[in-house]
There are 2 protein chains.
Amino acid sequence: MAVVGEEVSNKQIILKEYVSGFPKESDMVVKNGTIRLKLPEDSKNAILVKNLYLSCDPYMRGRMRKLEERYVEPFTPGSPITGGGVARVLDSGHPNFKKGDLVWGRTGWEEYSVITEPESVFKIQNTDVPLSYYTGILGMPGMTAYVGFFEICSPKQGDYVFISAASGAVGQLVGQFAKLLGCYVVGSAGTKEKVDLLKNKFGFDEAFNYKEEKDLEAVLKRYFPNGIDIYFENVGGKMLDAVLVNMRLNGRIAVCGMISQYNLEQHEGVHNLFCLITKRVRMEGFLVFDYYHLYPKFIEMILPRIKEGKITYVEDVAEGLESAPAALIGLFSGRNVGKQVVVVACE
Amino acid sequence: MAVVGEEVSNKQIILKEYVSGFPKESDMVVKNGTIRLKLPEDSKNAILVKNLYLSCDPYMRGRMRKLEERYVEPFTPGSPITGGGVARVLDSGHPNFKKGDLVWGRTGWEEYSVITEPESVFKIQNTDVPLSYYTGILGMPGMTAYVGFFEICSPKQGDYVFISAASGAVGQLVGQFAKLLGCYVVGSAGTKEKVDLLKNKFGFDEAFNYKEEKDLEAVLKRYFPNGIDIYFENVGGKMLDAVLVNMRLNGRIAVCGMISQYNLEQHEGVHNLFCLITKRVRMEGFLVFDYYHLYPKFIEMILPRIKEGKITYVEDVAEGLESAPAALIGLFSGRNVGKQVVVVACE
């Protein structure tokens, strides 16, 4: 147990330099630092936290690149990676937080962090669920699924819904939301294990392994003979092209992510955009950050459904801060099964 | 003057066979037929018309291809081209039309046509404007501009608006609508003459010749240092890619057409769709056919503005049915300046 005021070791995951192409574990390094477990006197508004869980998210790839579209700032080479996490407050100079509070939001990839802008973290009110859920189903990915599906896709009962990267942190929830609404839901994923999860655990109507399909257009035609009303886009590239020709009249595409493209220096060309016209399709990009005012409404919807077992969530948990670089890299090869979390500490 | 019942010659423009690649005049042929200027007794609901003006429209390229996305049916090789036009009713078996009526809508590329489904034509109520306007500003292209801009783009005063193929049948109107609303408007076109038209006749704030620009991204950045709120997409391909990186937060793209792509066997790849996410852009395809219920509202808006000189319209008029194939082909090399019309007869 850490004692306030004590100087303790503080392992950190440092980004060495900006990355081009496929990121590697060796782009990051573990650094052994120290930290004094008390905020300096002049740290008004800051909080000092002990990190419990860290979140590995695809958008973080963009932050490893200097000149990425600046919707999130790049990481600082030589400094710890930052990202979503769950933490316990050890010391607080902010009126909204006190010692012992549990919070989720932007923290550092290290054992202890000083969060200078705690406006970017939320106090955890409900602790009768696994705390790690605040990196996933109850955190940014959960909100992403909720906002993307309900606010962007204009879904209705009976819609034909397709989700790519469907077993991931976001996709597994979109599919379950769509099933609860009474949609027909098909997902794609990259292993047999994930396909089985989609069908057997998340209740998708159908699922397929895109890596085993030579002709994505044809497989989508097989699962959607009448076309796709809603496509929840997580991957981009060839899958998007195959979806476009299979869209149904007045279809909607929520563009959440394009993970298949993040490690390419130039994204693949998408050739079938003319289908937007012929099928009168609306394709809309969104970022969850614009919708956090809906978080209370989201929690009100999802918490009872988690407790009643109507919505489930699969996490892939890596043990220890040292495992974080491999866990993050694994997202881009699809090694993770479900939401990728890193446990840093248990209390 | 044609006499009812008389048998007269009826020149027709026939599509020889389906076309791949860039269409040529020789893909069409003039055929000298005859027609009796009276509907047969059993022609219930049909009308017989004398064609006055024919419309050349980019979407017709898709109808020259057998396997095009079927949002309009393909032409029938060996039969006359069909398309928009203005015509006078010579004989009618339909209760809504009588001899002497002027109509606009789907007719044949020939001197006289029997229209078996007159539901696809509108009676012309206002004749104190040039009749040819019903192939353009008061017809399908005018409605396309109106619907695309006001229904799809969610425009508001002060928006930064970019229009490609801006001097064309649709683009010149979108720009004028945007100016009337108080937007900042820039257009692209393919000749100096067209660029001058945009700035001097249609009142665009700026215009440029895309053929003289090596770096479309840079030229758009120059004209839109704060980004583009609304892109009215008529061309597709490289221009779309350059626009995507220049979109402003929460921008809208109305996808009306992609004329730069229509003669390619595979459309060019678009690489910058990730910007839909980072800029939270909505990109929406539409077809005017879904919005004809708004035609009366459109006429009410536009007719007084035409008469007051607040909206102007430039037509490129080809004389004689024989000139129609070259006029149609000319759309794809950008030979036309403004709306391409063919005059078949004057009364």
# chains A, B, ... in the order shown; residues from 1 in each chain; ligands from 1

$ closest_atom_pairs --of "chain A" --to "chain B" --cutoff "6 Å" --atoms "only C-alpha atoms" --output "CSV"
residue,atom,partner,partner_atom,distance
A:Tyr71,CA,B:Thr278,CA,5.6
A:His267,CA,B:His271,CA,5.3
A:Glu268,CA,B:His271,CA,5.8
A:Gly269,CA,B:Gly269,CA,3.6
A:Val270,CA,B:Gly269,CA,4.6
A:His271,CA,B:Gly269,CA,4.6
A:Leu276,CA,B:Gly285,CA,4.7
A:Ile277,CA,B:Gly285,CA,4.0
A:Thr278,CA,B:Tyr71,CA,5.6
A:Arg280,CA,B:Gly285,CA,4.7
A:Val281,CA,B:Gly285,CA,5.4
A:Arg282,CA,B:Glu284,CA,4.2
A:Met283,CA,B:Met283,CA,5.2
A:Glu284,CA,B:Arg282,CA,4.2
A:Gly285,CA,B:Ile277,CA,4.0
A:Phe286,CA,B:Arg280,CA,4.7

$ write_last_selection --atoms "N, CA and C atoms" --output "PDB file, in the first residue's frame"
ATOM      1  N   TYR A  71      -7.003  15.442 -34.680  1.00  0.00           N
ATOM      2  CA  TYR A  71      -8.229  15.428 -33.883  1.00  0.00           C
ATOM      3  C   TYR A  71      -7.901  14.997 -32.467  1.00  0.00           C
ATOM      4  N   HIS A 267      -3.575   5.679 -47.377  1.00  0.00           N
ATOM      5  CA  HIS A 267      -4.713   4.767 -47.266  1.00  0.00           C
ATOM      6  C   HIS A 267      -5.061   4.199 -48.634  1.00  0.00           C
ATOM      7  N   GLU A 268      -5.587   2.972 -48.624  1.00  0.00           N
ATOM      8  CA  GLU A 268      -6.046   2.345 -49.872  1.00  0.00           C
ATOM      9  C   GLU A 268      -7.145   3.184 -50.520  1.00  0.00           C
ATOM     10  N   GLY A 269      -7.240   3.091 -51.826  1.00  0.00           N
ATOM     11  CA  GLY A 269      -8.300   3.804 -52.537  1.00  0.00           C
ATOM     12  C   GLY A 269      -9.631   3.080 -52.409  1.00  0.00           C
ATOM     13  N   VAL A 270     -10.687   3.842 -52.251  1.00  0.00           N
ATOM     14  CA  VAL A 270     -12.044   3.286 -52.209  1.00  0.00           C
ATOM     15  C   VAL A 270     -12.721   3.671 -53.529  1.00  0.00           C
ATOM     16  N   HIS A 271     -13.201   2.651 -54.228  1.00  0.00           N
ATOM     17  CA  HIS A 271     -13.602   2.851 -55.626  1.00  0.00           C
ATOM     18  C   HIS A 271     -15.100   2.969 -55.848  1.00  0.00           C
ATOM     19  N   LEU A 276     -22.986   5.701 -53.288  1.00  0.00           N
ATOM     20  CA  LEU A 276     -23.649   6.642 -52.379  1.00  0.00           C
ATOM     21  C   LEU A 276     -24.808   7.322 -53.099  1.00  0.00           C
ATOM     22  N   ILE A 277     -24.614   7.590 -54.380  1.00  0.00           N
ATOM     23  CA  ILE A 277     -25.675   8.244 -55.161  1.00  0.00           C
ATOM     24  C   ILE A 277     -26.778   7.249 -55.503  1.00  0.00           C
ATOM     25  N   THR A 278     -26.380   6.154 -56.135  1.00  0.00           N
ATOM     26  CA  THR A 278     -27.412   5.242 -56.656  1.00  0.00           C
ATOM     27  C   THR A 278     -28.263   4.670 -55.525  1.00  0.00           C
ATOM     28  N   ARG A 280     -28.547   6.283 -52.519  1.00  0.00           N
ATOM     29  CA  ARG A 280     -28.909   7.406 -51.633  1.00  0.00           C
ATOM     30  C   ARG A 280     -28.432   7.111 -50.210  1.00  0.00           C
ATOM     31  N   VAL A 281     -27.142   6.926 -50.083  1.00  0.00           N
ATOM     32  CA  VAL A 281     -26.582   6.536 -48.793  1.00  0.00           C
ATOM     33  C   VAL A 281     -26.000   7.758 -48.083  1.00  0.00           C
ATOM     34  N   ARG A 282     -26.202   7.802 -46.789  1.00  0.00           N
ATOM     35  CA  ARG A 282     -25.568   8.799 -45.939  1.00  0.00           C
ATOM     36  C   ARG A 282     -24.408   8.148 -45.204  1.00  0.00           C
ATOM     37  N   MET A 283     -23.244   8.744 -45.330  1.00  0.00           N
ATOM     38  CA  MET A 283     -22.026   8.200 -44.710  1.00  0.00           C
ATOM     39  C   MET A 283     -21.501   9.300 -43.804  1.00  0.00           C
ATOM     40  N   GLU A 284     -21.364   8.985 -42.541  1.00  0.00           N
ATOM     41  CA  GLU A 284     -21.062  10.083 -41.611  1.00  0.00           C
ATOM     42  C   GLU A 284     -19.987   9.673 -40.617  1.00  0.00           C
ATOM     43  N   GLY A 285     -18.970  10.496 -40.539  1.00  0.00           N
ATOM     44  CA  GLY A 285     -17.921  10.267 -39.561  1.00  0.00           C
ATOM     45  C   GLY A 285     -18.284  10.923 -38.238  1.00  0.00           C
ATOM     46  N   PHE A 286     -17.807  10.345 -37.153  1.00  0.00           N
ATOM     47  CA  PHE A 286     -18.115  10.941 -35.847  1.00  0.00           C
ATOM     48  C   PHE A 286     -16.971  10.645 -34.883  1.00  0.00           C
TER      49      PHE A 286
END

$ residues_around --residues "Trp104 of chain A" --least-positions-apart "6" --cutoff "9 Å" --atoms "only C-alpha atoms" --output "list in words"
Gly84, Gly85, Val86, Ala87, Arg88, Ser120, Val121, Phe122, Lys123, Ile124, Tyr134, Thr135 and Gly139 of chain A

$ write_last_selection --atoms "all heavy atoms" --output "mmCIF file, in the first residue's frame"
data_model
loop_
_atom_site.group_PDB
_atom_site.id
_atom_site.type_symbol
_atom_site.label_atom_id
_atom_site.label_comp_id
_atom_site.auth_asym_id
_atom_site.auth_seq_id
_atom_site.Cartn_x
_atom_site.Cartn_y
_atom_site.Cartn_z
ATOM 1 N N GLY A 84 -6.722 6.157 -22.245
ATOM 2 C CA GLY A 84 -7.788 5.927 -21.289
ATOM 3 C C GLY A 84 -7.338 4.999 -20.173
ATOM 4 O O GLY A 84 -6.479 4.144 -20.370
ATOM 5 N N GLY A 85 -7.927 5.158 -19.015
ATOM 6 C CA GLY A 85 -7.588 4.264 -17.927
ATOM 7 C C GLY A 85 -8.531 4.434 -16.761
ATOM 8 O O GLY A 85 -9.388 5.325 -16.752
ATOM 9 N N VAL A 86 -8.371 3.532 -15.790
ATOM 10 C CA VAL A 86 -9.112 3.615 -14.530
ATOM 11 C C VAL A 86 -8.070 3.802 -13.433
ATOM 12 O O VAL A 86 -7.039 3.119 -13.439
ATOM 13 C CB VAL A 86 -9.927 2.327 -14.289
ATOM 14 C CG1 VAL A 86 -10.533 2.327 -12.882
ATOM 15 C CG2 VAL A 86 -10.998 2.156 -15.352
ATOM 16 N N ALA A 87 -8.321 4.707 -12.525
ATOM 17 C CA ALA A 87 -7.305 5.020 -11.516
ATOM 18 C C ALA A 87 -7.971 5.383 -10.190
ATOM 19 O O ALA A 87 -9.168 5.677 -10.136
ATOM 20 C CB ALA A 87 -6.432 6.176 -12.009
ATOM 21 N N ARG A 88 -7.140 5.333 -9.137
ATOM 22 C CA ARG A 88 -7.623 5.737 -7.814
ATOM 23 C C ARG A 88 -6.895 7.018 -7.408
ATOM 24 O O ARG A 88 -5.689 7.128 -7.577
ATOM 25 C CB ARG A 88 -7.348 4.629 -6.785
ATOM 26 C CG ARG A 88 -7.892 4.932 -5.391
ATOM 27 C CD ARG A 88 -7.539 3.834 -4.388
ATOM 28 N NE ARG A 88 -8.101 2.547 -4.734
ATOM 29 C CZ ARG A 88 -9.380 2.163 -4.489
ATOM 30 N NH1 ARG A 88 -10.214 3.006 -3.924
ATOM 31 N NH2 ARG A 88 -9.795 0.965 -4.827
ATOM 32 N N SER A 120 -10.755 16.005 -17.881
ATOM 33 C CA SER A 120 -10.789 14.897 -18.834
ATOM 34 C C SER A 120 -10.999 13.549 -18.151
ATOM 35 O O SER A 120 -10.905 12.513 -18.784
ATOM 36 C CB SER A 120 -9.497 14.869 -19.651
ATOM 37 O OG SER A 120 -8.411 14.530 -18.796
ATOM 38 N N VAL A 121 -11.265 13.568 -16.842
ATOM 39 C CA VAL A 121 -11.620 12.297 -16.183
ATOM 40 C C VAL A 121 -12.986 12.410 -15.504
ATOM 41 O O VAL A 121 -13.427 13.500 -15.144
ATOM 42 C CB VAL A 121 -10.555 11.832 -15.156
ATOM 43 C CG1 VAL A 121 -9.186 11.657 -15.810
ATOM 44 C CG2 VAL A 121 -10.475 12.771 -13.978
ATOM 45 N N PHE A 122 -13.632 11.266 -15.398
ATOM 46 C CA PHE A 122 -14.959 11.172 -14.779
ATOM 47 C C PHE A 122 -14.833 10.424 -13.459
ATOM 48 O O PHE A 122 -14.110 9.425 -13.385
ATOM 49 C CB PHE A 122 -15.913 10.358 -15.661
ATOM 50 C CG PHE A 122 -16.233 10.961 -16.992
ATOM 51 C CD1 PHE A 122 -15.321 10.930 -18.046
ATOM 52 C CD2 PHE A 122 -17.487 11.534 -17.216
ATOM 53 C CE1 PHE A 122 -15.634 11.476 -19.275
ATOM 54 C CE2 PHE A 122 -17.815 12.067 -18.450
ATOM 55 C CZ PHE A 122 -16.885 12.048 -19.483
ATOM 56 N N LYS A 123 -15.586 10.840 -12.477
ATOM 57 C CA LYS A 123 -15.624 10.087 -11.233
ATOM 58 C C LYS A 123 -16.504 8.847 -11.444
ATOM 59 O O LYS A 123 -17.562 8.937 -12.091
ATOM 60 C CB LYS A 123 -16.212 10.951 -10.109
ATOM 61 C CG LYS A 123 -15.755 10.488 -8.727
ATOM 62 C CD LYS A 123 -16.437 11.226 -7.609
ATOM 63 C CE LYS A 123 -16.125 12.715 -7.594
ATOM 64 N NZ LYS A 123 -16.469 13.304 -6.266
ATOM 65 N N ILE A 124 -16.051 7.707 -10.974
ATOM 66 C CA ILE A 124 -16.833 6.475 -11.125
ATOM 67 C C ILE A 124 -17.861 6.406 -10.017
ATOM 68 O O ILE A 124 -17.519 6.447 -8.827
ATOM 69 C CB ILE A 124 -15.895 5.248 -11.106
ATOM 70 C CG1 ILE A 124 -15.023 5.248 -12.372
ATOM 71 C CG2 ILE A 124 -16.690 3.955 -10.977
ATOM 72 C CD1 ILE A 124 -13.992 4.143 -12.429
ATOM 73 N N TYR A 134 -14.714 0.358 -17.167
ATOM 74 C CA TYR A 134 -14.645 1.796 -17.478
ATOM 75 C C TYR A 134 -13.578 2.119 -18.522
ATOM 76 O O TYR A 134 -13.465 3.246 -18.972
ATOM 77 C CB TYR A 134 -14.453 2.616 -16.197
ATOM 78 C CG TYR A 134 -15.716 2.627 -15.353
ATOM 79 C CD1 TYR A 134 -15.923 1.672 -14.351
ATOM 80 C CD2 TYR A 134 -16.728 3.547 -15.606
ATOM 81 C CE1 TYR A 134 -17.098 1.654 -13.612
ATOM 82 C CE2 TYR A 134 -17.903 3.540 -14.862
ATOM 83 C CZ TYR A 134 -18.083 2.594 -13.869
ATOM 84 O OH TYR A 134 -19.260 2.571 -13.147
ATOM 85 N N THR A 135 -12.802 1.123 -18.927
ATOM 86 C CA THR A 135 -11.949 1.306 -20.112
ATOM 87 C C THR A 135 -12.685 0.852 -21.365
ATOM 88 O O THR A 135 -12.210 1.065 -22.473
ATOM 89 C CB THR A 135 -10.637 0.479 -20.039
ATOM 90 O OG1 THR A 135 -10.976 -0.917 -20.124
ATOM 91 C CG2 THR A 135 -9.869 0.740 -18.763
ATOM 92 N N GLY A 139 -16.926 2.997 -20.719
ATOM 93 C CA GLY A 139 -16.045 4.131 -20.978
ATOM 94 C C GLY A 139 -16.158 4.596 -22.422
ATOM 95 O O GLY A 139 -17.239 4.562 -23.026
#

$ residues_around --residues "Lys31 of chain B" --least-positions-apart "5" --cutoff "9 Å" --atoms "only C-alpha atoms" --output "ChimeraX atom specification"
/B:10-14,80

$ residues_around --residues "Lys38 of chain A" --least-positions-apart "2" --cutoff "9 Å" --atoms "only C-alpha atoms" --output "ChimeraX atom specification"
/A:4-7,35-36,40-41,48,90-92

$ residues_around --residues "Ala189 of chain A" --least-positions-apart "2" --cutoff "6 Å" --atoms "only C-alpha atoms" --output "list in words"
Ala165, Ala166 and Asn209 of chain A

$ write_last_selection --atoms "all heavy atoms" --output "short mmCIF file (atom, residue, chain, number, x, y, z; two decimals), in the first residue's frame"
data_model
loop_
_atom_site.label_atom_id
_atom_site.label_comp_id
_atom_site.auth_asym_id
_atom_site.auth_seq_id
_atom_site.Cartn_x
_atom_site.Cartn_y
_atom_site.Cartn_z
N ALA A 165 -14.96 -5.56 -37.75
CA ALA A 165 -14.22 -5.63 -36.48
C ALA A 165 -15.23 -5.83 -35.35
O ALA A 165 -15.19 -5.16 -34.32
CB ALA A 165 -13.36 -4.38 -36.25
N ALA A 166 -16.12 -6.77 -35.57
CA ALA A 166 -17.34 -6.85 -34.76
C ALA A 166 -17.13 -7.40 -33.36
O ALA A 166 -18.00 -7.23 -32.50
CB ALA A 166 -18.39 -7.68 -35.49
N ASN A 209 -15.44 -14.89 -41.06
CA ASN A 209 -14.02 -14.57 -40.94
C ASN A 209 -13.57 -13.96 -42.27
O ASN A 209 -13.43 -14.65 -43.26
CB ASN A 209 -13.24 -15.84 -40.63
CG ASN A 209 -11.75 -15.59 -40.49
OD1 ASN A 209 -11.25 -14.53 -40.85
ND2 ASN A 209 -11.04 -16.59 -39.98
#

$ select_by_dssp --residues "segment 161-334 of chain B" --states "helix (DSSP H, G or I)" --output "PyMOL selection string"
chain B and resi 171-181+192-201+210-212+216-223+237-244+259-261+275-278+288-307+321-333

$ residues_around --residues "Ile228 of chain B" --least-positions-apart "6" --cutoff "9 Å" --atoms "only C-alpha atoms" --output "VMD selection string"
chain B and resid 159 to 162 220 243 to 244 246 to 249 251 to 252

$ select_by_dssp --residues "segment 89-165 of chain A" --states "strand (DSSP E or B)" --output "PyMOL selection string"
chain A and resi 89-92+102-108+110+112-115+121-123+160-163

$ residues_around --residues "Pro118 of chain A" --least-positions-apart "3" --cutoff "12 Å" --atoms "only C-alpha atoms" --output "count of residues only"
27

$ atom_distance --atom1 "atom CA of Tyr292 of chain A" --atom2 "atom CA of Asp128 of chain A"
22.1 Å

$ decode --residues "segment 246-289 of chain A" --atoms "C-alpha atoms" --output "PDB file, in the first residue's frame"
ATOM      1  CA  ASN A 246     -24.216  -3.993 -51.101  1.00  0.00           C
ATOM      2  CA  MET A 247     -25.902  -1.030 -49.459  1.00  0.00           C
ATOM      3  CA  ARG A 248     -29.647  -0.781 -49.524  1.00  0.00           C
ATOM      4  CA  LEU A 249     -31.648   2.242 -50.642  1.00  0.00           C
ATOM      5  CA  ASN A 250     -31.349   5.060 -48.073  1.00  0.00           C
ATOM      6  CA  GLY A 251     -28.701   3.181 -46.110  1.00  0.00           C
ATOM      7  CA  ARG A 252     -26.519   4.722 -43.426  1.00  0.00           C
ATOM      8  CA  ILE A 253     -22.820   4.240 -42.789  1.00  0.00           C
ATOM      9  CA  ALA A 254     -21.400   5.368 -39.459  1.00  0.00           C
ATOM     10  CA  VAL A 255     -17.673   5.859 -39.917  1.00  0.00           C
ATOM     11  CA  CYS A 256     -16.166   5.051 -36.547  1.00  0.00           C
ATOM     12  CA  GLY A 257     -12.702   3.862 -37.518  1.00  0.00           C
ATOM     13  CA  MET A 258     -10.571   2.416 -40.309  1.00  0.00           C
ATOM     14  CA  ILE A 259      -8.136   0.183 -38.473  1.00  0.00           C
ATOM     15  CA  SER A 260      -7.022  -1.679 -41.598  1.00  0.00           C
ATOM     16  CA  GLN A 261      -5.537   1.583 -42.850  1.00  0.00           C
ATOM     17  CA  TYR A 262      -3.769   3.022 -39.835  1.00  0.00           C
ATOM     18  CA  ASN A 263      -0.362   1.544 -40.528  1.00  0.00           C
ATOM     19  CA  LEU A 264      -0.308   2.465 -44.217  1.00  0.00           C
ATOM     20  CA  GLU A 265       1.495   5.586 -45.307  1.00  0.00           C
ATOM     21  CA  GLN A 266      -1.270   6.205 -47.835  1.00  0.00           C
ATOM     22  CA  HIS A 267      -4.713   4.767 -47.266  1.00  0.00           C
ATOM     23  CA  GLU A 268      -6.046   2.345 -49.872  1.00  0.00           C
ATOM     24  CA  GLY A 269      -8.300   3.804 -52.537  1.00  0.00           C
ATOM     25  CA  VAL A 270     -12.044   3.286 -52.209  1.00  0.00           C
ATOM     26  CA  HIS A 271     -13.602   2.851 -55.626  1.00  0.00           C
ATOM     27  CA  ASN A 272     -17.315   2.413 -55.142  1.00  0.00           C
ATOM     28  CA  LEU A 273     -18.405   5.757 -53.737  1.00  0.00           C
ATOM     29  CA  PHE A 274     -20.727   6.254 -56.693  1.00  0.00           C
ATOM     30  CA  CYS A 275     -23.019   3.835 -54.866  1.00  0.00           C
ATOM     31  CA  LEU A 276     -23.649   6.642 -52.379  1.00  0.00           C
ATOM     32  CA  ILE A 277     -25.675   8.244 -55.161  1.00  0.00           C
ATOM     33  CA  THR A 278     -27.412   5.242 -56.656  1.00  0.00           C
ATOM     34  CA  LYS A 279     -28.408   3.954 -53.213  1.00  0.00           C
ATOM     35  CA  ARG A 280     -28.909   7.406 -51.633  1.00  0.00           C
ATOM     36  CA  VAL A 281     -26.582   6.536 -48.793  1.00  0.00           C
ATOM     37  CA  ARG A 282     -25.568   8.799 -45.939  1.00  0.00           C
ATOM     38  CA  MET A 283     -22.026   8.200 -44.710  1.00  0.00           C
ATOM     39  CA  GLU A 284     -21.062  10.083 -41.611  1.00  0.00           C
ATOM     40  CA  GLY A 285     -17.921  10.267 -39.561  1.00  0.00           C
ATOM     41  CA  PHE A 286     -18.115  10.941 -35.847  1.00  0.00           C
ATOM     42  CA  LEU A 287     -15.949  11.233 -32.772  1.00  0.00           C
ATOM     43  CA  VAL A 288     -17.201  10.212 -29.386  1.00  0.00           C
ATOM     44  CA  PHE A 289     -15.601  13.277 -27.783  1.00  0.00           C
TER      45      PHE A 289
END
